[in-house]
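So this block is data_18.tsv, TSV, C-alpha atoms:
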chain	number	residue	atom	x	y	z
A	17	MET	CA	8.95	-10.41	-35.03
A	18	CYS	CA	11.94	-12.77	-34.72
A	19	SER	CA	12.59	-15.54	-37.22
A	20	GLY	CA	11.82	-18.17	-34.60
A	21	ASP	CA	8.30	-16.90	-33.99
A	22	PRO	CA	5.76	-19.48	-35.26
A	23	GLY	CA	3.73	-16.63	-36.75
A	24	SER	CA	6.55	-15.59	-39.07
A	25	GLY	CA	5.83	-18.57	-41.31
A	26	ASP	CA	2.32	-17.30	-41.94
A	27	VAL	CA	3.67	-13.89	-42.91
A	28	LEU	CA	6.18	-15.39	-45.34
A	29	ASP	CA	3.55	-17.68	-46.83
A	30	GLY	CA	1.43	-14.59	-47.39
A	31	VAL	CA	4.29	-12.85	-49.17
A	32	ALA	CA	4.84	-15.85	-51.44
A	33	ALA	CA	1.12	-16.03	-52.21
A	34	LEU	CA	1.03	-12.35	-53.16
A	35	VAL	CA	4.07	-12.73	-55.44
A	36	ALA	CA	2.36	-15.65	-57.19
A	37	GLU	CA	-0.84	-13.64	-57.54
A	38	ARG	CA	1.10	-10.72	-58.99
A	39	ASN	CA	2.71	-13.09	-61.49
A	40	ARG	CA	-0.72	-14.34	-62.57
A	41	ILE	CA	-2.01	-10.79	-62.98
A	42	ASP	CA	1.10	-9.82	-64.97
A	43	ALA	CA	0.50	-12.82	-67.24
A	44	ALA	CA	-3.11	-11.85	-67.86
A	45	LEU	CA	-2.07	-8.25	-68.50
A	46	ALA	CA	0.62	-9.24	-71.01
A	47	ARG	CA	-1.84	-11.43	-72.90
A	48	ARG	CA	-4.45	-8.65	-72.96
A	49	VAL	CA	-1.86	-6.15	-74.19
A	50	ARG	CA	-0.85	-8.54	-76.97
A	51	ALA	CA	-4.49	-8.99	-78.00
A	52	ALA	CA	-4.96	-5.23	-78.09
A	53	GLU	CA	-1.80	-4.87	-80.19
A	54	LEU	CA	-2.91	-7.52	-82.69
A	55	SER	CA	-6.32	-5.87	-83.08
A	56	GLN	CA	-4.69	-2.41	-83.50
A	57	ALA	CA	-6.91	-1.14	-80.68
A	58	PRO	CA	-4.70	1.93	-79.90
A	59	GLU	CA	-5.71	3.45	-83.25
A	60	ARG	CA	-9.20	4.03	-81.84
A	61	ASP	CA	-7.71	6.51	-79.38
A	62	GLY	CA	-5.41	8.06	-81.97
A	63	GLN	CA	-2.25	6.30	-80.75
A	64	ARG	CA	0.33	4.59	-82.93
A	65	SER	CA	1.14	1.63	-80.68
A	66	MET	CA	0.33	-0.11	-77.42
A	67	THR	CA	3.54	1.31	-75.98
A	68	SER	CA	2.42	4.90	-76.56
A	69	TRP	CA	-1.12	4.09	-75.37
A	70	LEU	CA	0.17	2.57	-72.12
A	71	ARG	CA	2.37	5.61	-71.50
A	72	GLY	CA	-0.38	8.12	-72.11
A	73	HIS	CA	-3.45	6.36	-70.77
A	74	CYS	CA	-2.05	4.16	-67.98
A	75	ARG	CA	0.77	6.50	-66.95
A	76	LEU	CA	3.47	3.83	-67.31
A	77	SER	CA	7.08	4.75	-67.92
A	78	GLY	CA	8.38	4.21	-71.43
A	79	SER	CA	10.58	1.32	-70.33
A	80	GLU	CA	7.78	-0.45	-68.44
A	81	ALA	CA	5.33	0.00	-71.32
A	82	SER	CA	7.88	-1.43	-73.78
A	83	ARG	CA	8.61	-4.37	-71.50
A	84	LEU	CA	4.92	-5.19	-71.19
A	85	VAL	CA	4.50	-5.18	-74.98
A	86	ARG	CA	7.62	-7.33	-75.49
A	87	ASN	CA	6.43	-9.80	-72.85
A	88	GLY	CA	3.11	-10.21	-74.62
A	89	ARG	CA	4.94	-10.99	-77.86
A	90	ALA	CA	7.34	-13.41	-76.15
A	91	LEU	CA	4.56	-15.42	-74.51
A	92	ALA	CA	3.07	-16.08	-77.95
A	93	HIS	CA	6.28	-17.91	-78.94
A	94	LEU	CA	6.95	-19.67	-75.61
A	95	PRO	CA	3.72	-21.49	-74.64
A	96	ALA	CA	5.27	-23.55	-71.82
A	97	LEU	CA	6.69	-20.40	-70.22
A	98	ALA	CA	3.34	-18.68	-70.74
A	99	GLU	CA	1.56	-21.51	-68.92
A	100	ALA	CA	3.98	-21.24	-65.99
A	101	HIS	CA	3.45	-17.46	-65.96
A	102	ASP	CA	-0.33	-17.98	-65.88
A	103	ALA	CA	0.13	-20.32	-62.92
A	104	GLY	CA	2.11	-17.70	-61.02
A	105	LEU	CA	5.37	-19.70	-61.14
A	106	VAL	CA	7.25	-17.26	-63.40
A	107	SER	CA	7.58	-13.50	-62.99
A	108	ALA	CA	7.23	-10.74	-65.57
A	109	GLU	CA	10.92	-9.99	-65.11
A	110	GLN	CA	11.82	-13.56	-66.05
A	111	VAL	CA	9.63	-13.35	-69.14
A	112	ALA	CA	11.41	-10.11	-70.08
A	113	VAL	CA	14.75	-11.95	-69.92
A	114	THR	CA	13.55	-14.69	-72.28
A	115	ALA	CA	12.01	-12.14	-74.65
A	116	ARG	CA	15.54	-11.37	-75.87
A	117	ALA	CA	15.68	-14.87	-77.33
A	118	VAL	CA	12.54	-14.56	-79.46
A	119	THR	CA	13.06	-11.28	-81.29
A	120	PRO	CA	12.20	-11.47	-85.01
A	121	ALA	CA	15.88	-11.66	-85.98
A	122	ARG	CA	16.64	-14.48	-83.53
A	123	LEU	CA	13.51	-16.39	-84.45
A	124	ALA	CA	14.62	-16.24	-88.09
A	125	ALA	CA	18.13	-17.39	-87.16
A	126	ALA	CA	16.71	-20.28	-85.12
A	127	ALA	CA	14.52	-21.38	-88.02
A	128	GLU	CA	17.50	-21.30	-90.43
A	129	GLN	CA	19.55	-23.47	-88.05
A	130	GLY	CA	16.75	-25.94	-87.42
A	131	VAL	CA	16.42	-25.11	-83.73
A	132	ASP	CA	13.41	-26.75	-82.08
A	133	LEU	CA	11.87	-23.80	-80.24
A	134	ALA	CA	9.72	-26.14	-78.14
A	135	VAL	CA	12.88	-27.59	-76.59
A	136	ILE	CA	14.25	-24.13	-75.87
A	137	ASP	CA	10.90	-23.16	-74.36
A	138	ALA	CA	11.00	-26.17	-72.04
A	139	VAL	CA	14.58	-25.43	-70.95
A	140	PHE	CA	13.83	-21.77	-70.24
A	141	THR	CA	10.69	-22.69	-68.30
A	142	GLY	CA	12.44	-25.32	-66.16
A	143	ILE	CA	15.23	-22.94	-65.22
A	144	ALA	CA	12.84	-20.04	-64.57
A	145	VAL	CA	10.72	-22.17	-62.20
A	146	GLU	CA	13.48	-24.03	-60.38
A	147	GLN	CA	16.75	-22.05	-60.59
A	148	PRO	CA	17.97	-18.61	-59.39
A	149	HIS	CA	17.23	-15.65	-61.63
A	150	THR	CA	20.90	-15.23	-62.59
A	151	ASP	CA	20.93	-18.78	-64.04
A	152	LEU	CA	18.12	-17.87	-66.42
A	153	VAL	CA	19.99	-14.74	-67.53
A	154	THR	CA	23.10	-16.81	-68.21
A	155	VAL	CA	21.28	-19.53	-70.18
A	156	VAL	CA	19.36	-17.02	-72.33
A	157	GLN	CA	22.57	-15.16	-73.11
A	158	ARG	CA	24.33	-18.41	-74.02
A	159	TYR	CA	21.48	-19.35	-76.34
A	160	CYS	CA	21.60	-15.95	-78.05
A	161	ASP	CA	25.39	-16.24	-78.46
A	162	ASP	CA	25.07	-19.73	-79.94
A	163	LEU	CA	22.64	-18.47	-82.58
A	164	ASP	CA	25.33	-16.11	-83.84
A	165	PRO	CA	28.72	-17.41	-82.62
A	166	ASP	CA	30.71	-14.97	-84.77
A	167	GLY	CA	28.90	-12.00	-83.31
A	168	PRO	CA	27.23	-9.16	-85.21
A	169	GLU	CA	28.93	-6.81	-87.61
A	170	PRO	CA	30.58	-3.97	-85.68
A	171	ASP	CA	27.85	-1.34	-85.88
A	172	PRO	CA	28.60	1.02	-82.98
A	173	THR	CA	25.16	2.64	-83.05
A	174	GLU	CA	23.44	-0.59	-81.98
A	175	GLY	CA	25.18	-0.53	-78.61
A	176	ARG	CA	24.49	3.09	-77.80
A	177	SER	CA	21.68	4.09	-75.50
A	178	LEU	CA	20.77	6.93	-73.18
A	179	THR	CA	17.84	7.14	-70.79
A	180	VAL	CA	16.90	10.43	-69.16
A	181	VAL	CA	14.47	10.20	-66.25
A	182	THR	CA	12.83	13.44	-65.11
A	183	HIS	CA	11.90	13.57	-61.42
A	184	ALA	CA	9.13	15.60	-59.75
A	185	ASP	CA	11.47	18.51	-58.93
A	186	GLY	CA	12.74	18.72	-62.51
A	187	SER	CA	16.11	17.08	-61.80
A	188	ARG	CA	17.31	14.41	-64.22
A	189	THR	CA	18.92	11.02	-63.75
A	190	LEU	CA	20.99	9.73	-66.68
A	191	HIS	CA	21.77	6.12	-67.51
A	192	GLY	CA	23.46	5.10	-70.72
A	193	CYS	CA	25.91	2.96	-72.61
A	194	LEU	CA	28.34	3.99	-75.38
A	195	ASP	CA	30.59	1.97	-77.65
A	196	ALA	CA	34.36	2.36	-77.31
A	197	VAL	CA	34.73	5.10	-79.93
A	198	GLY	CA	31.61	7.01	-78.92
A	199	GLY	CA	32.60	6.75	-75.28
A	200	GLU	CA	36.06	8.08	-76.07
A	201	LYS	CA	34.62	11.13	-77.86
A	202	PHE	CA	32.26	11.80	-74.97
A	203	THR	CA	35.04	11.47	-72.37
A	204	VAL	CA	37.43	13.74	-74.27
A	205	ALA	CA	34.78	16.44	-74.68
A	206	LEU	CA	33.85	16.37	-70.98
A	207	GLU	CA	37.46	16.20	-69.85
A	208	SER	CA	38.29	19.41	-71.72
A	209	PHE	CA	35.79	21.30	-69.57
A	210	THR	CA	36.77	19.45	-66.41
A	211	GLN	CA	40.44	20.32	-66.77
A	212	ALA	CA	39.75	23.91	-67.85
A	213	ASP	CA	37.72	24.60	-64.70
A	214	ARG	CA	39.91	23.74	-61.71
A	215	PRO	CA	39.94	26.81	-59.43
A	216	ALA	CA	42.11	26.89	-56.34
A	217	GLY	CA	40.45	25.32	-53.34
A	218	ASP	CA	37.95	23.38	-55.47
A	219	GLU	CA	36.36	20.77	-53.19
A	220	ARG	CA	34.00	19.23	-55.75
A	221	THR	CA	34.17	15.49	-56.21
A	222	ARG	CA	35.13	13.99	-59.56
A	223	ALA	CA	31.46	13.15	-60.20
A	224	GLN	CA	30.38	16.72	-59.42
A	225	ARG	CA	33.00	18.18	-61.76
A	226	LEU	CA	31.90	15.85	-64.57
A	227	GLY	CA	28.27	16.88	-63.99
A	228	ASP	CA	29.21	20.55	-64.23
A	229	ALA	CA	31.21	19.81	-67.38
A	230	LEU	CA	28.21	18.17	-69.03
A	231	VAL	CA	26.01	21.21	-68.31
A	232	GLN	CA	28.76	23.51	-69.65
A	233	LEU	CA	28.95	21.43	-72.82
A	234	ALA	CA	25.19	21.93	-73.28
A	235	ASP	CA	25.54	25.67	-72.53
A	236	ASN	CA	28.20	26.08	-75.20
A	237	ALA	CA	26.22	24.13	-77.79
A	238	LEU	CA	23.10	26.24	-77.17
A	239	ALA	CA	25.04	29.50	-77.17
A	240	ALA	CA	26.84	28.68	-80.44
A	241	GLY	CA	23.54	28.71	-82.33
A	242	SER	CA	24.62	25.80	-84.52
A	243	LEU	CA	22.15	23.20	-83.23
A	244	PRO	CA	19.40	22.01	-85.62
A	245	THR	CA	16.31	24.19	-85.85
A	246	LEU	CA	13.21	22.66	-84.26
A	247	ARG	CA	9.86	23.73	-85.73
A	248	THR	CA	11.27	27.05	-87.04
A	249	VAL	CA	12.83	27.90	-83.66
A	250	LYS	CA	16.43	27.45	-82.50
A	251	PRO	CA	16.73	25.26	-79.38
A	252	HIS	CA	16.53	27.41	-76.27
A	253	VAL	CA	15.74	27.20	-72.57
A	254	ALA	CA	12.38	28.88	-72.06
A	255	VAL	CA	11.27	30.23	-68.68
A	256	ARG	CA	7.83	31.72	-68.11
A	257	ILE	CA	7.49	34.29	-65.32
A	258	ASP	CA	5.17	37.22	-64.72
A	259	LEU	CA	6.77	40.63	-65.18
A	260	ALA	CA	5.96	41.62	-61.59
A	261	ASP	CA	7.77	38.54	-60.24
A	262	LEU	CA	10.75	39.16	-62.52
A	263	ALA	CA	11.12	42.70	-61.17
A	264	ASP	CA	10.36	41.84	-57.53
A	265	PRO	CA	13.59	41.24	-55.51
A	266	ALA	CA	11.83	38.62	-53.35
A	267	THR	CA	12.66	34.92	-53.77
A	268	GLY	CA	9.14	34.04	-54.96
A	269	GLN	CA	9.00	30.26	-54.59
A	270	GLY	CA	7.23	28.47	-57.43
A	271	THR	CA	6.58	31.53	-59.57
A	272	ALA	CA	8.45	30.58	-62.76
A	273	THR	CA	8.00	27.62	-65.11
A	274	LEU	CA	10.49	25.99	-67.50
A	275	GLY	CA	9.43	24.83	-70.92
A	276	SER	CA	9.28	21.25	-69.61
A	277	GLY	CA	6.81	22.27	-66.90
A	278	THR	CA	9.32	22.29	-64.02
A	279	VAL	CA	8.53	25.01	-61.46
A	280	LEU	CA	11.33	27.36	-60.37
A	281	SER	CA	11.68	30.19	-57.90
A	282	ALA	CA	11.70	33.78	-59.15
A	283	ALA	CA	15.33	34.06	-58.02
A	284	ARG	CA	16.44	31.24	-60.31
A	285	ALA	CA	14.45	32.71	-63.19
A	286	ARG	CA	16.18	36.08	-62.71
A	287	TRP	CA	19.53	34.25	-62.67
A	288	LEU	CA	18.74	32.71	-66.06
A	289	ALA	CA	17.55	36.06	-67.40
A	290	CYS	CA	20.93	37.67	-66.56
A	291	ASP	CA	22.60	35.83	-69.43
A	292	GLY	CA	19.68	35.35	-71.80
A	293	ALA	CA	17.32	37.23	-74.05
A	294	VAL	CA	14.11	38.36	-72.33
A	295	SER	CA	11.09	38.20	-74.60
A	296	ARG	CA	7.90	39.90	-73.55
A	297	VAL	CA	5.06	37.53	-74.38
A	298	VAL	CA	1.74	39.10	-73.45
A	299	PHE	CA	-1.49	37.13	-73.51
A	300	GLY	CA	-3.69	39.91	-74.81
A	301	PRO	CA	-4.67	41.52	-78.13
A	302	ASP	CA	-3.52	45.04	-77.24
A	303	ARG	CA	0.16	44.36	-76.50
A	304	ALA	CA	2.26	41.54	-78.03
A	305	PRO	CA	1.27	40.49	-81.58
A	306	LEU	CA	-0.52	37.29	-80.61
A	307	ASP	CA	-3.48	37.87	-82.93
A	308	LEU	CA	-2.25	37.93	-86.51
A	309	GLY	CA	-5.73	38.07	-87.99
A	310	ARG	CA	-6.44	36.61	-91.41
A	311	ALA	CA	-3.49	38.15	-93.25
A	312	HIS	CA	-1.03	35.58	-91.88
A	313	ARG	CA	-1.65	31.85	-92.12
A	314	LEU	CA	1.46	30.62	-90.29
A	315	ALA	CA	2.15	31.34	-86.62
A	316	ASP	CA	5.13	33.65	-86.16
A	317	ARG	CA	7.70	33.11	-83.40
A	318	HIS	CA	5.74	35.21	-80.89
A	319	LEU	CA	2.56	33.22	-81.32
A	320	ARG	CA	4.40	29.91	-81.36
A	321	ARG	CA	6.23	30.78	-78.15
A	322	ALA	CA	3.00	31.83	-76.47
A	323	THR	CA	1.29	28.59	-77.55
A	324	GLU	CA	4.23	26.53	-76.27
A	325	LEU	CA	4.14	28.29	-72.91
A	326	ARG	CA	0.40	27.79	-72.54
A	327	ASP	CA	0.11	24.18	-73.74
A	328	GLY	CA	3.49	22.74	-72.74
A	329	GLY	CA	3.29	19.95	-75.33
A	330	CYS	CA	0.83	18.05	-77.49
A	331	VAL	CA	-2.71	18.55	-76.13
A	332	PHE	CA	-4.21	15.38	-77.68
A	333	ALA	CA	-5.58	13.06	-74.95
A	334	GLY	CA	-2.97	10.56	-73.76
A	335	CYS	CA	-0.06	12.32	-75.48
A	336	ARG	CA	2.44	14.73	-73.96
A	337	ALA	CA	4.92	14.95	-76.83
A	338	PRO	CA	7.36	17.81	-76.16
A	339	THR	CA	6.93	21.21	-77.78
A	340	TRP	CA	9.71	20.63	-80.32
A	341	TRP	CA	7.75	17.73	-81.83
A	342	CYS	CA	4.66	19.86	-82.28
A	343	ASP	CA	2.97	22.08	-84.87
A	344	VAL	CA	0.71	25.03	-84.08
A	345	HIS	CA	-2.72	23.89	-85.28
A	346	HIS	CA	-5.66	26.16	-86.20
A	347	LEU	CA	-8.71	24.94	-84.23
A	348	VAL	CA	-10.91	26.55	-86.86
A	349	HIS	CA	-8.99	25.92	-90.07
A	350	TRP	CA	-7.52	28.98	-91.73
A	351	ILE	CA	-9.16	28.06	-95.02
A	352	ASP	CA	-12.53	28.03	-93.18
A	353	GLY	CA	-12.06	31.53	-91.80
A	354	GLY	CA	-10.10	30.73	-88.65
A	355	GLU	CA	-7.77	33.44	-87.41
A	356	THR	CA	-4.09	32.99	-86.61
A	357	SER	CA	-4.38	33.75	-82.91
A	358	LEU	CA	-3.59	32.20	-79.55
A	359	GLU	CA	-7.27	31.54	-78.88
A	360	ASN	CA	-7.54	29.60	-82.15
A	361	SER	CA	-4.26	27.67	-81.68
A	362	ALA	CA	-3.39	24.27	-80.24
A	363	LEU	CA	-0.07	22.48	-79.99
A	364	LEU	CA	-0.18	19.03	-81.65
A	365	CYS	CA	2.54	16.53	-82.50
A	366	GLU	CA	2.79	15.52	-86.14
A	367	ARG	CA	0.82	12.30	-85.70
A	368	HIS	CA	-2.04	13.91	-83.82
A	369	HIS	CA	-2.05	16.97	-86.05
A	370	THR	CA	-2.75	14.53	-88.87
A	371	LYS	CA	-5.44	12.79	-86.82
A	372	VAL	CA	-7.22	16.09	-86.15
A	373	HIS	CA	-7.26	16.79	-89.88
A	374	HIS	CA	-8.88	13.37	-90.40
A	375	GLY	CA	-11.87	13.49	-88.08
A	376	PHE	CA	-10.56	13.74	-84.52
A	377	ARG	CA	-11.19	17.03	-82.65
A	378	VAL	CA	-9.55	18.89	-79.77
A	379	GLU	CA	-11.15	21.71	-77.83
A	380	ARG	CA	-10.00	23.89	-74.95
A	381	GLN	CA	-12.52	24.34	-72.15
A	382	PRO	CA	-13.00	27.60	-70.17
A	383	ASP	CA	-11.06	26.06	-67.25
A	384	GLY	CA	-8.02	25.66	-69.55
A	385	ARG	CA	-8.22	21.87	-69.89
A	386	TRP	CA	-8.15	20.22	-73.30
A	387	HIS	CA	-10.62	17.54	-74.40
A	388	THR	CA	-10.35	15.19	-77.38
A	389	TRP	CA	-13.14	13.56	-79.40
A	390	ARG	CA	-13.08	10.67	-81.86
A	391	PRO	CA	-14.61	10.98	-85.35
A	392	ASP	CA	-17.77	9.27	-84.05
A	393	GLY	CA	-18.25	12.02	-81.44
A	394	SER	CA	-17.23	9.98	-78.39
A	395	GLU	CA	-14.67	11.51	-76.08
A	396	ILE	CA	-11.23	10.00	-75.46
A	397	THR	CA	-10.56	9.91	-71.74
A	398	THR	CA	-7.66	8.73	-69.65
A	399	PRO	CA	-8.31	6.67	-66.51
A	400	ALA	CA	-8.79	8.67	-63.33
A	401	PRO	CA	-6.01	8.33	-60.73
A	402	LEU	CA	-6.52	5.43	-58.34
A	403	LEU	CA	-8.11	6.50	-55.06
A	404	ALA	CA	-6.70	5.41	-51.71
A	405	PRO	CA	-9.06	3.02	-49.89
A	406	VAL	CA	-11.21	4.62	-47.24
A	407	ALA	CA	-10.08	3.57	-43.75

Produce structure tokens that represent the structure in this file.
Amino acid sequence: MCSGDPGSGDVLDGVAALVAERNRIDAALARRVRAAELSQAPERDGQRSMTSWLRGHCRLSGSEASRLVRNGRALAHLPALAEAHDAGLVSAEQVAVTARAVTPARLAAAAEQGVDLAVIDAVFTGIAVEQPHTDLVTVVQRYCDDLDPDGPEPDPTEGRSLTVVTHADGSRTLHGCLDAVGGEKFTVALESFTQADRPAGDERTRAQRLGDALVQLADNALAAGSLPTLRTVKPHVAVRIDLADLADPATGQGTATLGSGTVLSAARARWLACDGAVSRVVFGPDRAPLDLGRAHRLADRHLRRATELRDGGCVFAGCRAPTWWCDVHHLVHWIDGGETSLENSALLCERHHTKVHHGFRVERQPDGRWHTWRPDGSEITTPAPLLAPVA
């Protein structure tokens, strides 16, 4: 449809109406999240915060869950902006920009300097409603700078960040920021590998060579054996594959699984096995020592590895904390006669291990799925995936 078509105005009006409606819904959601946070509602489902509850129960990313919680807090301090958000005139992204100005530290600084927050609220709201988004970013930054014109003490750790996003195929996207000194250390370390690996005829781009250098840096750190021990086990790349697939020369698509849950081909698993230790972990009482009986209270490395491979992370509803955050929990407590075996084991992060010892309960069903119950006997469930509308 060309821009001169009279019908195009209706389409654009519809787009604007939907954006306004989304803004109103985002405002209601932020307020509801704030109310849930103030009432400590996540504790009912065994979660520490609204951020963790939103990640586990609503399947939000960590960054989106954090933004939603921050927006709810910001609206409590900026009533004029909140009213405009309720009316659909201000977006959640704009609220997130202003949230930087009302952190606890900046609120305290504003109070010390006699800043009238109502005036600031009115200014932010006027710009958010009437001016381009970049103008709001600029004004909020200027306000934050004016609160502390000399700048913060030079603590390099405050400016460092790294986000690792895992995609469906197991690949990772990295985004981060380092201070000058930390960035220099990182660059020097990577450059040593980049310059040491320059074979004749190398057609890799600079970005590809830096990516290979980063993986080599990780390889060397893992191989050195000097990394911190995690839950009695040295950090390692774990791959689960059936013995028959490991021995079969066929490619075997989707037959091996990394510790993170990423699925690999048998060929890639065999490639990893060429330069790694192969541990035979057998899920049965007559082969590997998975059942330690009553003589041993603590899970040995064989049992822990088997539990990690089976569970993949914390099994508490709404939590998928990685294996290295987790303990091996006795479903029937050892002191009550429970055996140290795979069947009687569950992987739980420290927080949820504590919860289970204080009234919550986890149980593995015959189909392999885990269920979680509150102390009152009601089950904790996560929302079912949204269904596509029937045509």

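Of the listed residues (A:Leu91, A:Ala81, A:Leu194, A:Leu163), A:Leu91 comes nearest to Ala51 (chain A); the distances count all atoms listed in the file.
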
Distance table requested - region 88-154 of chain A against region 27-44 of chain A, cut-off 6 Å, only C-alpha atoms: one row per qualifying residue with the closest atom pair and its distance in Å to one decimal, ordered by chain and rising residue number, as CSV.
residue,atom,partner,partner_atom,distance
A:His101,CA,A:Ala43,CA,5.6
A:Asp102,CA,A:Arg40,CA,4.9
A:Gly104,CA,A:Ala36,CA,4.4
A:Ser107,CA,A:Asn39,CA,5.1

Written file, previous selection with C-alpha atoms, as a short mmCIF file (atom, residue, chain, number, x, y, z; two decimals), in the frame of the given file:
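Listed below is the output, selection.cif:
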data_model
loop_
_atom_site.label_atom_id
_atom_site.label_comp_id
_atom_site.auth_asym_id
_atom_site.auth_seq_id
_atom_site.Cartn_x
_atom_site.Cartn_y
_atom_site.Cartn_z
CA HIS A 101 3.45 -17.46 -65.96
CA ASP A 102 -0.33 -17.98 -65.88
CA GLY A 104 2.11 -17.70 -61.02
CA SER A 107 7.58 -13.50 -62.99
#

task: Please identify all polymer residues within 10 Å of region 227-233 of chain A, counting all atoms listed in the file, omitting same-chain residues fewer than 4 positions from it, and present them as a list in words.
output: Phe202, Ala205, Leu206, Glu207, Ser208, Phe209, Thr210, Gln211, Ala212, Asp213, Arg220, Thr221, Arg222, Ala223, Ala237, Leu238 and Ala239 of chain A

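For the pair CA of Ala98 (chain A) and CA of Arg47 (chain A), the interatomic distance is 9.2 Å.
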
Using all atoms listed in the file, list the residues that have an atom at most 12 Å from (24.9, -21.9, -82.4), coordinates as in the file, as an MDAnalysis selection string.
chainID A and resid 122 125:131 157:167

Ala144 (chain A) surroundings by all atoms listed in the file, 8 Å radius, close-in-sequence under 4 positions cut, as a ChimeraX atom specification: /A:106,110,140,148-149,152

**Message:** Please compute the CA of Arg256 (chain A)-CA of Ala283 (chain A) distance, one decimal, in Å.
**Reply:**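 Going from CA of Arg256 (chain A) over to CA of Ala283 (chain A) covers 12.8 Å.
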
Task: A:Arg367, A:Val331, A:His373, A:Pro58 ranked by distance to His349 (chain A), top pick (using only C-alpha atoms) - done: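 Counting only C-alpha atoms, the residue closest to His349 (chain A) is A:His373.
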
Using 4 Å of padding on each side, determine the axis-aligned box around all atoms of region 352-359 of chain A present in the file and give its centre and edge lengths in Å to one decimal, as JSON.
{"center_x": -8.1, "center_y": 30.9, "center_z": -86.0, "size_x": 16.9, "size_y": 13.7, "size_z": 22.3}

*Is there a way to get, as a PyMOL selection string, all residues within 10 Å of the point (10.7, -8.2, -65.5) in file coordinates, counting only C-alpha atoms?*
chain A and resi 42+80+83-84+87+106-114

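Here CA of Gln381 (chain A) is placed at a distance of 18.8 Å from CA of Thr356 (chain A).
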
Please list as a PyMOL selection string every residue within 10 Å of Ala96 (chain A), counting all atoms listed in the file and excluding residues in the same chain fewer than 2 positions away. chain A and resi 91-94+98-102+134-142

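Comparing A:Gly384, A:Asp258, A:Thr150, A:Ala57 by their smallest distance to Trp69 (chain A), the closest is A:Ala57 (using all atoms listed in the file).
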
Give the answer as one residue: which of A:Arg176, A:Ala196, A:Asp61, A:Lys201 has the shortest atom-to-atom distance to Asp392 (chain A), using only C-alpha atoms?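 The shortest atom-to-atom distance to Asp392 (chain A) comes from A:Asp61.
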
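Across A:Leu347, A:Ala117, A:Leu325, A:Leu178, the tightest approach to Gly277 (chain A) is made by A:Leu325 when counting only C-alpha atoms.
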
Of the listed residues A:Ser68, A:Gly186, A:Val118, A:Arg320, that which approaches Val156 (chain A) most closely, counting all atoms listed in the file: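 Nearest to Val156 (chain A): A:Val118.
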
Can you take the partial region 224-233 of chain A, add N, CA, C and O atoms, and return it as a tab-separated table (two decimals), keeping the file's coordinate frame?
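Contents of selection.tsv, freshly written:
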chain	number	residue	atom	x	y	z
A	224	GLN	N	30.97	15.39	-59.35
A	224	GLN	CA	30.38	16.72	-59.42
A	224	GLN	C	31.01	17.54	-60.55
A	224	GLN	O	30.31	18.26	-61.27
A	225	ARG	N	32.33	17.42	-60.69
A	225	ARG	CA	33.00	18.18	-61.76
A	225	ARG	C	32.58	17.69	-63.14
A	225	ARG	O	32.42	18.47	-64.07
A	226	LEU	N	32.37	16.37	-63.29
A	226	LEU	CA	31.90	15.85	-64.57
A	226	LEU	C	30.47	16.31	-64.85
A	226	LEU	O	30.12	16.62	-65.99
A	227	GLY	N	29.63	16.37	-63.81
A	227	GLY	CA	28.27	16.88	-63.99
A	227	GLY	C	28.27	18.33	-64.44
A	227	GLY	O	27.52	18.71	-65.35
A	228	ASP	N	29.10	19.15	-63.82
A	228	ASP	CA	29.21	20.55	-64.23
A	228	ASP	C	29.73	20.67	-65.67
A	228	ASP	O	29.30	21.53	-66.44
A	229	ALA	N	30.66	19.79	-66.02
A	229	ALA	CA	31.21	19.81	-67.38
A	229	ALA	C	30.14	19.49	-68.42
A	229	ALA	O	30.09	20.09	-69.50
A	230	LEU	N	29.27	18.54	-68.10
A	230	LEU	CA	28.21	18.17	-69.03
A	230	LEU	C	27.24	19.34	-69.25
A	230	LEU	O	26.83	19.62	-70.38
A	231	VAL	N	26.89	20.04	-68.17
A	231	VAL	CA	26.01	21.21	-68.31
A	231	VAL	C	26.71	22.30	-69.12
A	231	VAL	O	26.09	22.97	-69.96
A	232	GLN	N	28.02	22.50	-68.90
A	232	GLN	CA	28.76	23.51	-69.65
A	232	GLN	C	28.82	23.15	-71.14
A	232	GLN	O	28.74	24.03	-72.01
A	233	LEU	N	28.96	21.87	-71.42
A	233	LEU	CA	28.95	21.43	-72.82
A	233	LEU	C	27.63	21.78	-73.48
A	233	LEU	O	27.59	22.26	-74.62
